[in-house]
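Just input-v8.cif here, mmCIF, C-alpha atoms and all ligand atoms:
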data_entry
loop_
_atom_site.label_atom_id
_atom_site.label_comp_id
_atom_site.auth_asym_id
_atom_site.auth_seq_id
_atom_site.Cartn_x
_atom_site.Cartn_y
_atom_site.Cartn_z
CA MET Q 1 0.00 0.00 0.00
CA ASP Q 2 1.14 3.54 -0.81
CA ILE Q 3 1.79 5.75 2.22
CA LYS Q 4 -0.58 8.40 0.77
CA GLU Q 5 -3.56 6.03 1.10
CA CYS Q 6 -2.74 5.33 4.73
CA GLY Q 7 -1.98 8.93 5.85
CA GLU Q 8 -0.19 10.15 8.95
CA PHE Q 9 -2.79 8.88 11.42
CA GLY Q 10 -3.27 5.55 9.67
CA LEU Q 11 0.47 5.11 9.92
CA ILE Q 12 0.52 5.82 13.66
CA ASP Q 13 -2.31 3.30 14.11
CA LEU Q 14 -0.16 0.70 12.37
CA ILE Q 15 2.83 1.53 14.54
CA LYS Q 16 1.26 1.63 17.98
CA GLU Q 17 0.63 -2.08 18.51
CA ASN Q 18 3.02 -3.98 20.81
CA CYS Q 19 4.96 -0.85 21.79
CA ILE Q 20 4.79 -1.33 25.55
CA VAL Q 21 6.67 -4.39 26.81
CA GLU Q 22 7.17 -3.28 30.42
CA PRO Q 23 3.95 -1.43 31.40
CA LYS Q 24 4.81 -0.79 35.08
CA SER Q 25 6.80 2.34 34.26
CA VAL Q 26 4.40 3.84 31.69
CA ALA Q 27 1.28 5.71 32.79
CA VAL Q 28 0.52 7.05 29.29
CA GLY Q 29 2.10 5.72 26.10
CA ILE Q 30 1.37 6.50 22.44
CA GLY Q 31 -1.83 8.50 21.87
CA ASP Q 32 -1.65 11.68 23.95
CA ASP Q 33 0.27 14.95 23.69
CA ALA Q 34 3.10 13.49 25.73
CA ALA Q 35 3.99 10.15 27.26
CA VAL Q 36 3.85 9.90 31.06
CA LEU Q 37 6.61 7.84 32.62
CA ILE Q 38 7.09 6.60 36.17
CA PRO Q 39 10.74 6.75 37.21
CA THR Q 40 12.18 4.18 39.60
CA HIS Q 41 12.84 5.51 43.10
CA ASN Q 42 16.50 6.41 43.79
CA MET Q 43 17.58 5.97 40.18
CA LEU Q 44 19.17 8.71 38.08
CA GLN Q 45 17.42 9.32 34.77
CA LEU Q 46 19.48 9.10 31.55
CA VAL Q 47 18.51 10.74 28.25
CA SER Q 48 20.35 10.49 24.96
CA ALA Q 49 19.55 10.95 21.25
CA ASP Q 50 21.16 9.78 18.03
CA MET Q 51 19.90 10.42 14.52
CA LEU Q 52 20.33 8.33 11.37
CA VAL Q 53 20.18 9.95 7.94
CA GLU Q 54 19.82 8.09 4.64
CA GLY Q 55 23.00 8.35 2.60
CA VAL Q 56 25.07 9.29 5.66
CA HIS Q 57 24.33 6.48 8.12
CA PHE Q 58 22.69 3.93 5.86
CA ASP Q 59 22.17 3.01 2.24
CA LEU Q 60 18.90 1.31 1.37
CA SER Q 61 20.61 -0.68 -1.35
CA PHE Q 62 22.25 -2.81 1.32
CA ILE Q 63 20.31 -2.46 4.58
CA SER Q 64 16.81 -3.93 4.88
CA PRO Q 65 14.10 -1.90 6.63
CA PHE Q 66 14.08 -4.49 9.43
CA GLN Q 67 17.84 -4.11 9.94
CA LEU Q 68 17.53 -0.32 9.78
CA GLY Q 69 14.89 -0.34 12.52
CA TYR Q 70 17.02 -2.65 14.63
CA LYS Q 71 20.20 -0.60 14.16
CA SER Q 72 18.48 2.74 14.88
CA LEU Q 73 17.57 1.50 18.34
CA ALA Q 74 20.80 -0.46 18.89
CA VAL Q 75 23.07 2.59 18.51
CA ASN Q 76 20.96 4.46 21.03
CA LEU Q 77 20.80 1.64 23.59
CA SER Q 78 24.60 1.56 23.29
CA ASP Q 79 24.84 5.10 24.71
CA ILE Q 80 22.82 4.05 27.77
CA ALA Q 81 25.12 1.01 28.14
CA ALA Q 82 28.08 3.42 28.04
CA MET Q 83 26.68 5.26 31.07
CA GLY Q 84 26.36 1.97 32.97
CA GLY Q 85 22.57 2.19 32.73
CA ILE Q 86 19.45 0.23 31.87
CA PRO Q 87 17.53 1.47 28.81
CA LYS Q 88 13.83 1.86 29.63
CA HIS Q 89 11.99 3.80 26.92
CA VAL Q 90 12.49 5.17 23.42
CA VAL Q 91 10.83 8.02 21.52
CA LEU Q 92 11.00 7.42 17.75
CA SER Q 93 10.75 10.23 15.22
CA ILE Q 94 10.75 9.47 11.53
CA ALA Q 95 10.75 11.64 8.41
CA LEU Q 96 9.65 9.67 5.35
CA PRO Q 97 9.38 10.58 1.66
CA LYS Q 98 5.86 10.30 0.25
CA LYS Q 99 6.99 7.64 -2.23
CA ILE Q 100 7.66 5.12 0.54
CA ASN Q 101 5.59 1.97 0.83
CA VAL Q 102 3.64 1.12 3.98
CA ASP Q 103 5.30 -2.32 4.02
CA PHE Q 104 8.63 -0.53 4.44
CA VAL Q 105 7.34 1.21 7.57
CA LYS Q 106 5.92 -2.06 8.94
CA GLU Q 107 9.29 -3.76 8.47
CA LEU Q 108 11.14 -0.79 9.99
CA TYR Q 109 8.99 -1.04 13.11
CA ARG Q 110 9.27 -4.84 13.18
CA GLY Q 111 13.05 -4.34 13.49
CA MET Q 112 12.59 -1.66 16.15
CA LYS Q 113 10.13 -3.77 18.14
CA ASN Q 114 12.35 -6.83 17.86
CA ILE Q 115 15.28 -5.19 19.66
CA ALA Q 116 12.97 -3.20 21.99
CA GLN Q 117 11.42 -6.48 23.11
CA SER Q 118 14.73 -8.22 23.69
CA PHE Q 119 15.98 -5.32 25.85
CA CYS Q 120 12.61 -4.81 27.55
CA VAL Q 121 12.36 -1.24 26.25
CA ASN Q 122 9.03 0.54 25.68
CA ILE Q 123 8.30 2.62 22.59
CA VAL Q 124 6.41 5.47 24.27
CA GLY Q 125 5.99 8.00 21.49
CA GLY Q 126 7.54 9.86 18.59
CA ASP Q 127 6.73 11.97 15.59
CA THR Q 128 5.96 11.20 11.95
CA VAL Q 129 6.56 13.77 9.22
CA SER Q 130 7.17 13.80 5.49
CA THR Q 131 10.37 14.75 3.72
CA HIS Q 132 10.99 15.53 0.06
CA ASP Q 133 13.79 13.07 -0.38
CA LYS Q 134 15.81 11.22 2.24
CA ILE Q 135 14.68 9.21 5.25
CA VAL Q 136 15.67 10.54 8.68
CA ILE Q 137 15.25 8.55 11.88
CA ASN Q 138 15.77 10.18 15.25
CA VAL Q 139 15.72 8.10 18.41
CA THR Q 140 15.63 9.48 21.93
CA VAL Q 141 16.35 6.87 24.56
CA LEU Q 142 15.59 7.16 28.26
CA GLY Q 143 17.32 5.01 30.80
CA GLU Q 144 18.13 4.68 34.48
CA VAL Q 145 21.22 4.08 36.56
CA GLU Q 146 22.07 3.77 40.23
CA PRO Q 147 24.11 6.85 41.29
CA GLU Q 148 27.03 4.63 42.34
CA LYS Q 149 27.12 2.84 38.96
CA LEU Q 150 26.98 5.95 36.78
CA GLN Q 151 29.89 5.97 34.32
CA LYS Q 152 31.03 9.28 32.83
CA ARG Q 153 33.93 10.07 30.52
CA ASN Q 154 35.80 12.08 33.10
CA GLY Q 155 36.80 9.53 35.74
CA ALA Q 156 39.96 7.97 34.26
CA LYS Q 157 42.96 8.03 36.63
CA PRO Q 158 46.69 7.60 35.95
CA GLY Q 159 47.55 3.94 36.50
CA ASP Q 160 44.17 2.63 35.26
CA PHE Q 161 43.96 0.06 32.51
CA ILE Q 162 42.02 1.01 29.39
CA VAL Q 163 39.87 -1.91 28.28
CA VAL Q 164 37.49 -2.82 25.43
CA THR Q 165 34.68 -5.34 25.11
CA GLY Q 166 34.38 -7.68 22.12
CA THR Q 167 36.39 -7.22 18.92
CA LEU Q 168 36.98 -4.01 16.96
CA GLY Q 169 36.99 -3.09 13.28
CA ASP Q 170 34.41 -5.67 12.18
CA SER Q 171 31.72 -3.12 11.41
CA ALA Q 172 33.95 -0.85 9.30
CA ALA Q 173 35.31 -3.86 7.39
CA GLY Q 174 31.72 -5.07 6.85
CA LEU Q 175 30.76 -1.63 5.55
CA ASP Q 176 33.71 -1.72 3.15
CA ILE Q 177 32.47 -5.01 1.71
CA LEU Q 178 28.97 -3.56 1.31
CA LEU Q 179 30.15 -0.28 -0.25
CA ASN Q 180 32.44 -2.02 -2.70
CA LYS Q 181 29.71 -4.50 -3.58
CA LYS Q 182 32.16 -7.35 -3.29
CA ASP Q 183 30.73 -10.85 -3.48
CA ASN Q 184 29.56 -12.14 -0.15
CA PHE Q 185 32.08 -14.69 0.97
CA ASP Q 186 31.25 -16.85 3.96
CA PHE Q 187 33.73 -15.04 6.17
CA ALA Q 188 32.08 -11.70 5.35
CA GLU Q 189 28.78 -12.57 6.98
CA PRO Q 190 29.68 -11.82 10.62
CA LEU Q 191 31.44 -8.60 9.56
CA ILE Q 192 28.40 -7.43 7.61
CA LYS Q 193 26.16 -8.41 10.51
CA ALA Q 194 28.37 -6.37 12.89
CA HIS Q 195 27.74 -3.38 10.66
CA LEU Q 196 24.03 -3.81 9.93
CA MET Q 197 22.85 -5.16 13.28
CA PRO Q 198 25.29 -4.12 16.03
CA PHE Q 199 24.52 -5.63 19.43
CA PRO Q 200 24.51 -3.04 22.23
CA GLN Q 201 26.55 -4.20 25.22
CA VAL Q 202 23.97 -3.35 27.88
CA GLU Q 203 24.43 -6.48 29.97
CA LEU Q 204 28.23 -6.24 30.03
CA GLY Q 205 27.95 -2.48 30.68
CA ARG Q 206 25.90 -3.16 33.82
CA ILE Q 207 28.61 -5.44 35.22
CA ILE Q 208 31.52 -3.20 34.17
CA ALA Q 209 29.73 -0.23 35.77
CA LYS Q 210 30.31 -1.75 39.22
CA TYR Q 211 34.08 -1.39 38.79
CA ALA Q 212 35.05 1.09 36.04
CA SER Q 213 36.28 4.68 36.46
CA SER Q 214 35.06 6.00 33.08
CA MET Q 215 33.28 4.59 30.05
CA ASN Q 216 32.35 5.40 26.44
CA ASP Q 217 30.83 3.42 23.60
CA ILE Q 218 32.73 3.11 20.33
CA SER Q 219 30.70 4.88 17.63
CA ASP Q 220 33.47 6.85 15.91
CA GLY Q 221 36.49 4.53 16.31
CA LEU Q 222 38.85 3.62 19.15
CA ALA Q 223 41.18 6.60 18.55
CA SER Q 224 38.36 9.12 18.80
CA GLU Q 225 36.66 7.54 21.82
CA ALA Q 226 39.97 7.22 23.70
CA LYS Q 227 40.59 10.90 22.99
CA GLU Q 228 37.20 11.82 24.48
CA ILE Q 229 38.07 9.99 27.71
CA ALA Q 230 41.59 11.50 27.75
CA LEU Q 231 40.28 15.05 27.30
CA ALA Q 232 37.36 14.72 29.72
CA SER Q 233 39.61 13.15 32.40
CA SER Q 234 42.69 15.37 31.75
CA VAL Q 235 44.95 12.36 31.38
CA ASP Q 236 46.94 10.75 28.56
CA VAL Q 237 45.95 7.36 27.17
CA MET Q 238 48.59 4.94 25.86
CA LEU Q 239 47.09 2.38 23.47
CA ASP Q 240 49.04 -0.73 22.48
CA ALA Q 241 48.45 -1.77 18.84
CA GLY Q 242 49.49 -5.33 19.69
CA LYS Q 243 46.67 -5.66 22.22
CA VAL Q 244 43.68 -4.51 20.14
CA PRO Q 245 41.28 -7.48 19.82
CA PHE Q 246 40.19 -8.58 16.33
CA SER Q 247 37.77 -11.23 15.15
CA THR Q 248 39.24 -14.24 13.36
CA GLU Q 249 37.16 -13.31 10.29
CA LEU Q 250 38.92 -9.95 10.06
CA LEU Q 251 42.40 -11.22 10.93
CA GLN Q 252 42.47 -14.25 8.67
CA ARG Q 253 41.22 -12.30 5.67
CA ALA Q 254 43.20 -9.11 6.35
CA ASN Q 255 44.73 -9.23 2.82
CA PHE Q 256 41.26 -9.02 1.31
CA PHE Q 257 40.68 -5.49 2.63
CA ARG Q 258 41.85 -2.03 1.59
CA LYS Q 259 42.82 -1.19 5.15
CA THR Q 260 44.51 -3.05 8.00
CA PRO Q 261 42.43 -4.42 10.90
CA LEU Q 262 44.13 -1.83 13.12
CA GLU Q 263 43.04 1.04 10.85
CA TYR Q 264 39.46 -0.22 10.88
CA ALA Q 265 39.53 -0.48 14.68
CA LEU Q 266 41.13 2.92 15.31
CA PHE Q 267 39.32 5.00 12.72
CA GLY Q 268 36.36 3.01 11.34
CA GLY Q 269 33.72 3.27 14.04
CA GLU Q 270 30.24 1.82 14.57
CA ASP Q 271 31.54 -1.12 16.61
CA TYR Q 272 29.28 -0.15 19.51
CA GLN Q 273 31.57 -1.99 21.89
CA LEU Q 274 32.44 -0.38 25.22
CA LEU Q 275 35.73 1.34 26.04
CA PHE Q 276 36.39 1.84 29.74
CA THR Q 277 39.09 2.61 32.27
CA ILE Q 278 39.48 0.68 35.51
CA SER Q 279 42.00 0.47 38.34
CA LYS Q 280 44.26 -2.59 38.22
CA GLU Q 281 42.81 -3.87 41.51
CA LYS Q 282 39.23 -3.62 40.29
CA TYR Q 283 40.15 -5.21 36.97
CA ILE Q 284 40.96 -8.43 38.84
CA LEU Q 285 37.53 -8.34 40.51
CA LEU Q 286 35.81 -7.68 37.18
CA GLN Q 287 37.64 -10.56 35.51
CA LYS Q 288 36.51 -12.86 38.34
CA GLU Q 289 32.90 -11.83 37.82
CA LEU Q 290 33.11 -12.25 34.03
CA SER Q 291 34.20 -15.86 33.95
CA ASN Q 292 33.67 -16.10 30.19
CA CYS Q 293 35.81 -13.05 29.72
CA ASN Q 294 34.95 -10.96 26.68
CA ILE Q 295 37.11 -7.96 27.62
CA LYS Q 296 40.67 -7.02 26.72
CA VAL Q 297 43.17 -4.54 28.15
CA VAL Q 298 44.39 -2.34 25.27
CA GLY Q 299 46.55 0.09 27.17
CA GLU Q 300 47.07 2.27 30.19
CA VAL Q 301 46.18 5.70 31.52
CA LYS Q 302 49.04 8.08 32.38
CA GLN Q 303 49.29 11.55 33.83
CA GLY Q 304 48.80 14.07 31.05
CA THR Q 305 46.72 16.64 29.26
CA GLY Q 306 44.33 14.78 26.96
CA ASN Q 307 46.66 13.07 24.46
CA VAL Q 308 46.33 9.59 23.03
CA PHE Q 309 49.54 7.75 22.10
CA LEU Q 310 49.74 4.51 20.17
CA LYS Q 311 52.51 1.97 20.75
CA GLU Q 312 52.91 0.67 17.20
CA TYR Q 313 53.77 -2.97 16.39
CA ASN Q 314 57.47 -1.96 16.16
CA GLY Q 315 57.41 -0.58 19.72
CA LYS Q 316 57.56 3.09 18.70
CA PHE Q 317 55.09 5.52 20.31
CA VAL Q 318 53.20 7.94 18.05
CA ASN Q 319 50.71 10.67 18.90
CA LEU Q 320 47.37 9.31 17.67
CA GLU Q 321 45.12 11.80 15.93
CA PRO Q 322 41.40 11.21 16.61
CA LYS Q 323 40.68 10.97 12.89
CA GLY Q 324 37.71 8.66 13.32
CA TYR Q 325 34.31 9.40 11.87
CA ASN Q 326 33.60 13.13 11.97
CA HIS Q 327 30.48 14.47 10.25
CA PHE Q 328 31.87 17.77 9.10
CA ARG Q 329 35.38 16.81 8.00
N1 LIG F 401 22.58 19.36 18.39
C1 LIG F 401 22.87 19.14 19.68
N2 LIG F 401 22.28 19.89 20.64
C2 LIG F 401 22.58 19.69 21.92
N3 LIG F 401 23.45 18.78 22.37
C3 LIG F 401 24.06 18.01 21.48
C4 LIG F 401 23.80 18.15 20.08
N4 LIG F 401 24.56 17.25 19.43
C5 LIG F 401 25.26 16.57 20.35
N5 LIG F 401 24.97 17.01 21.59
C6 LIG F 401 25.53 16.55 22.87
O1 LIG F 401 26.96 16.45 22.76
C7 LIG F 401 27.47 15.37 23.52
C8 LIG F 401 28.33 14.45 22.63
O2 LIG F 401 27.49 13.92 21.63
P1 LIG F 401 27.99 12.85 20.59
O3 LIG F 401 26.89 12.68 19.60
O4 LIG F 401 29.33 13.21 20.09
O5 LIG F 401 28.16 11.57 21.50
P2 LIG F 401 27.70 10.10 21.17
O6 LIG F 401 26.23 10.11 20.88
O7 LIG F 401 28.21 9.25 22.22
O8 LIG F 401 28.50 9.80 19.82
P3 LIG F 401 27.89 9.32 18.43
O9 LIG F 401 26.84 10.33 18.02
O10 LIG F 401 29.06 9.30 17.53
O11 LIG F 401 27.29 7.97 18.69
C9 LIG F 401 26.26 14.68 24.12
O12 LIG F 401 26.10 15.19 25.42
C10 LIG F 401 25.11 15.14 23.24
O13 LIG F 401 23.87 15.15 23.93
C1 LIG F 402 26.19 4.45 3.69
C2 LIG F 402 27.15 4.62 4.83
N1 LIG F 402 28.28 5.31 4.64
C3 LIG F 402 29.15 5.51 5.68
C4 LIG F 402 28.89 4.98 6.91
C5 LIG F 402 29.88 5.16 8.04
N2 LIG F 402 29.42 6.02 9.13
C6 LIG F 402 28.38 6.83 9.04
S1 LIG F 402 28.08 7.64 10.49
C7 LIG F 402 29.40 6.90 11.25
C8 LIG F 402 29.79 7.21 12.68
C9 LIG F 402 28.68 7.02 13.65
O1 LIG F 402 27.64 7.95 13.44
P1 LIG F 402 27.29 9.11 14.49
O2 LIG F 402 28.58 9.77 14.87
O3 LIG F 402 26.37 10.06 13.78
O4 LIG F 402 26.63 8.43 15.64
C10 LIG F 402 30.05 6.05 10.37
C11 LIG F 402 31.24 5.24 10.67
C12 LIG F 402 27.68 4.24 7.05
N3 LIG F 402 27.30 3.70 8.22
N4 LIG F 402 26.83 4.08 6.00
MG MG F 403 25.46 11.25 19.32
MG MG F 404 28.34 7.38 22.71
MG MG F 405 29.70 10.37 16.10
#
If you convert what's in this file into structure tokens, what do you get?
Ligand SMILES: Nc1ncnc2c1ncn2[C@@H]1O[C@H](COP(=O)(O)OP(=O)(O)OP(=O)(O)O)[C@@H](O)[C@H]1O
Ligand SMILES: Cc1ncc(C[n+]2csc(CCOP(=O)(O)O)c2C)c(N)n1
Ligand SMILES: [Mg+2]
Ligand SMILES: [Mg+2]
Ligand SMILES: [Mg+2]
Amino acid sequence: MDIKECGEFGLIDLIKENCIVEPKSVAVGIGDDAAVLIPTHNMLQLVSADMLVEGVHFDLSFISPFQLGYKSLAVNLSDIAAMGGIPKHVVLSIALPKKINVDFVKELYRGMKNIAQSFCVNIVGGDTVSTHDKIVINVTVLGEVEPEKLQKRNGAKPGDFIVVTGTLGDSAAGLDILLNKKDNFDFAEPLIKAHLMPFPQVELGRIIAKYASSMNDISDGLASEAKEIALASSVDVMLDAGKVPFSTELLQRANFFRKTPLEYALFGGEDYQLLFTISKEKYILLQKELSNCNIKVVGEVKQGTGNVFLKEYNGKFVNLEPKGYNHFR
């Protein structure tokens, strides 16, 4: 069905089913001038927003509407994970060209509701408007965190380890495959999945939050995110190239790509893994709690003034420019 037949209100009617998965904290959901939410006693409230623009963040020739819906929420839940919090609600605003098909919108929301359900997040409202050309999706996410678990970017201390979750560079390598329209080899599948459907590290973030001194999620690349922690904490960060964790898919097929795994990890972005600092004593406690350890020390925090240095494979230290993804460069 054409979107013109359905209209703005018909569209909202289609969207509003199955939006509330955890009704205890929602007094009013979709259907009024504003949603009414019931915060949990003694919890700090977190709010964050990230927008996705067609042609900048996604290309409809290689992302399905389901995947786009999923990813739009995933990148936002990742920011709540980076604060050590629990995502609770999302507000979804979409701008759609008139030529779009209603089935596209249904699939988009199926992707959104799929991830919302698995993270027990309510869709409590949004806005629907038309655009002349490109699709724009804006997500505002609301979350909660205990005051003692709140993780900011400014708590890194000299002597801390700097640590990442998961593997890095997969998403940027996956994007390269998609952009260059290379044939889909078996090994490419997990890399492409890392790009199209990143998994926000909420559960790990909750555990790390008990021990870490600062945290960030990796949207713009390791170099850029490390710089944000270094600047906010007024310290220097020393990253060790030899310690950056890579997936076997990326490592074994490194020759296949235009860039090295390290370049993808440092400057690629969209990994949506967590980068955090932690004292050496607390790192031992964290490792004990995470028996199936999916974290890796990639360097150390030193006294300083906001610089990031990289120990290259040859042992030489270089000043690392935060030349990750930057919208206006
Ligand atoms: N247009 C804006 N108006 C007000 N605040 C903004 C605006 N854009 C960004 N911010 C704020 O700037 C800070 C940094 O935002 P930024 O988007 O760089 O972080 P991020 O969401 O973690 O990264 P990314 O967008 O790459 O995932 C946040 O506090 C954010 O709320
Ligand atoms: C078609 C297409 N071209 C390029 C990219 C790469 N890209 C876009 S935004 C971004 C950083 C994160 O965004 P933000 O900082 O806005 O959160 C990256 C790495 C993509 N995903 N799709
Ligand atoms: Mg942002
Ligand atoms: Mg972030
Ligand atoms: Mg960014």
query: Which residues form the shell of 10 Å around ligand MG 403 (chain F) when you count all atoms listed in the file, given as a PyMOL selection string?
result: chain Q and resi 48-52+75-76+79+219-220
Taking C-alpha atoms for each residue, export the selection above as a PDB file, in the coordinates of the input.
ATOM      1  CA  SER Q  48      20.350  10.490  24.960  1.00  0.00           C
ATOM      2  CA  ALA Q  49      19.550  10.950  21.250  1.00  0.00           C
ATOM      3  CA  ASP Q  50      21.160   9.780  18.030  1.00  0.00           C
ATOM      4  CA  MET Q  51      19.900  10.420  14.520  1.00  0.00           C
ATOM      5  CA  LEU Q  52      20.330   8.330  11.370  1.00  0.00           C
ATOM      6  CA  VAL Q  75      23.070   2.590  18.510  1.00  0.00           C
ATOM      7  CA  ASN Q  76      20.960   4.460  21.030  1.00  0.00           C
ATOM      8  CA  ASP Q  79      24.840   5.100  24.710  1.00  0.00           C
ATOM      9  CA  SER Q 219      30.700   4.880  17.630  1.00  0.00           C
ATOM     10  CA  ASP Q 220      33.470   6.850  15.910  1.00  0.00           C
TER      11      ASP Q 220
END
Point (4.8, -1.7, 1.6), cut-off 7 Å, counting only C-alpha atoms, residues as a ChimeraX atom specification: /Q:1-2,101-104
- prompt: Given the choices Q:Gly84, Q:Pro97, Q:Gly306, Q:Pro158, which gets closest to ligand MG 404 (chain F) if the distance is worked out from all atoms listed in the file?
  reply: Q:Gly84
Would you mind listing, for every residue of chain Q within 8 Å of ligand MG 404 (chain F), the two atoms forming the shortest contact and the distance between them in Å to one decimal, using only C-alpha atoms and all ligand atoms, sorted by chain and ascending residue number, as a tab-separated table?
residue	atom	partner	partner_atom	distance
Q:Ser78	CA	F:MG404	MG	6.9
Q:Asp79	CA	F:MG404	MG	4.6
Q:Ala82	CA	F:MG404	MG	6.6
Q:Asn216	CA	F:MG404	MG	5.8
Q:Asp217	CA	F:MG404	MG	4.8
Q:Ile218	CA	F:MG404	MG	6.6
Q:Ser219	CA	F:MG404	MG	6.1
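You can rank Q:Leu250, Q:Ile15, Q:Val105, Q:Leu142 by their closest distance to Ile177 (chain Q) using all atoms listed in the file, and at the top of that list sits Q:Leu250.
Minimum atom-to-atom distances from Q:Leu222, Q:Ala116, Q:Leu37, Q:Ala188 to ligand MG 405 (chain F) were compared using all atoms listed in the file, and the lowest value belongs to Q:Leu222.
Using all atoms listed in the file, the shortest contact distance between Tyr313 (chain Q) and any of Q:Glu5, Q:Asp240, Q:Glu289, Q:Asp160 is found at Q:Asp240.
For the atom pair formed by atom C10 of ligand LIG 402 (chain F) and CA of Val56 (chain Q), the distance is 7.6 Å, given to one decimal.
Checking Q:Ala173, Q:Ala27, Q:Ile123, Q:Val91 one by one against ligand LIG 402 (chain F), counting all atoms listed in the file, you find the shortest gap at Q:Ala173.
The two atoms in question, CA of Cys120 (chain Q) and CA of Asp271 (chain Q), are spaced 22.2 Å apart.
Candidate residues Q:Leu178, Q:Pro200, Q:Val21, Q:Arg206 were compared for distance to Ile86 (chain Q), and the nearest is Q:Arg206, using only C-alpha atoms.
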- request: Using only C-alpha atoms, determine which residues lie at most 8 Å from Lys152 (chain Q), disregarding the query and same-chain residues fewer than 3 positions distant; provide the list as a ChimeraX atom specification.
  value: /Q:83,155,213-216
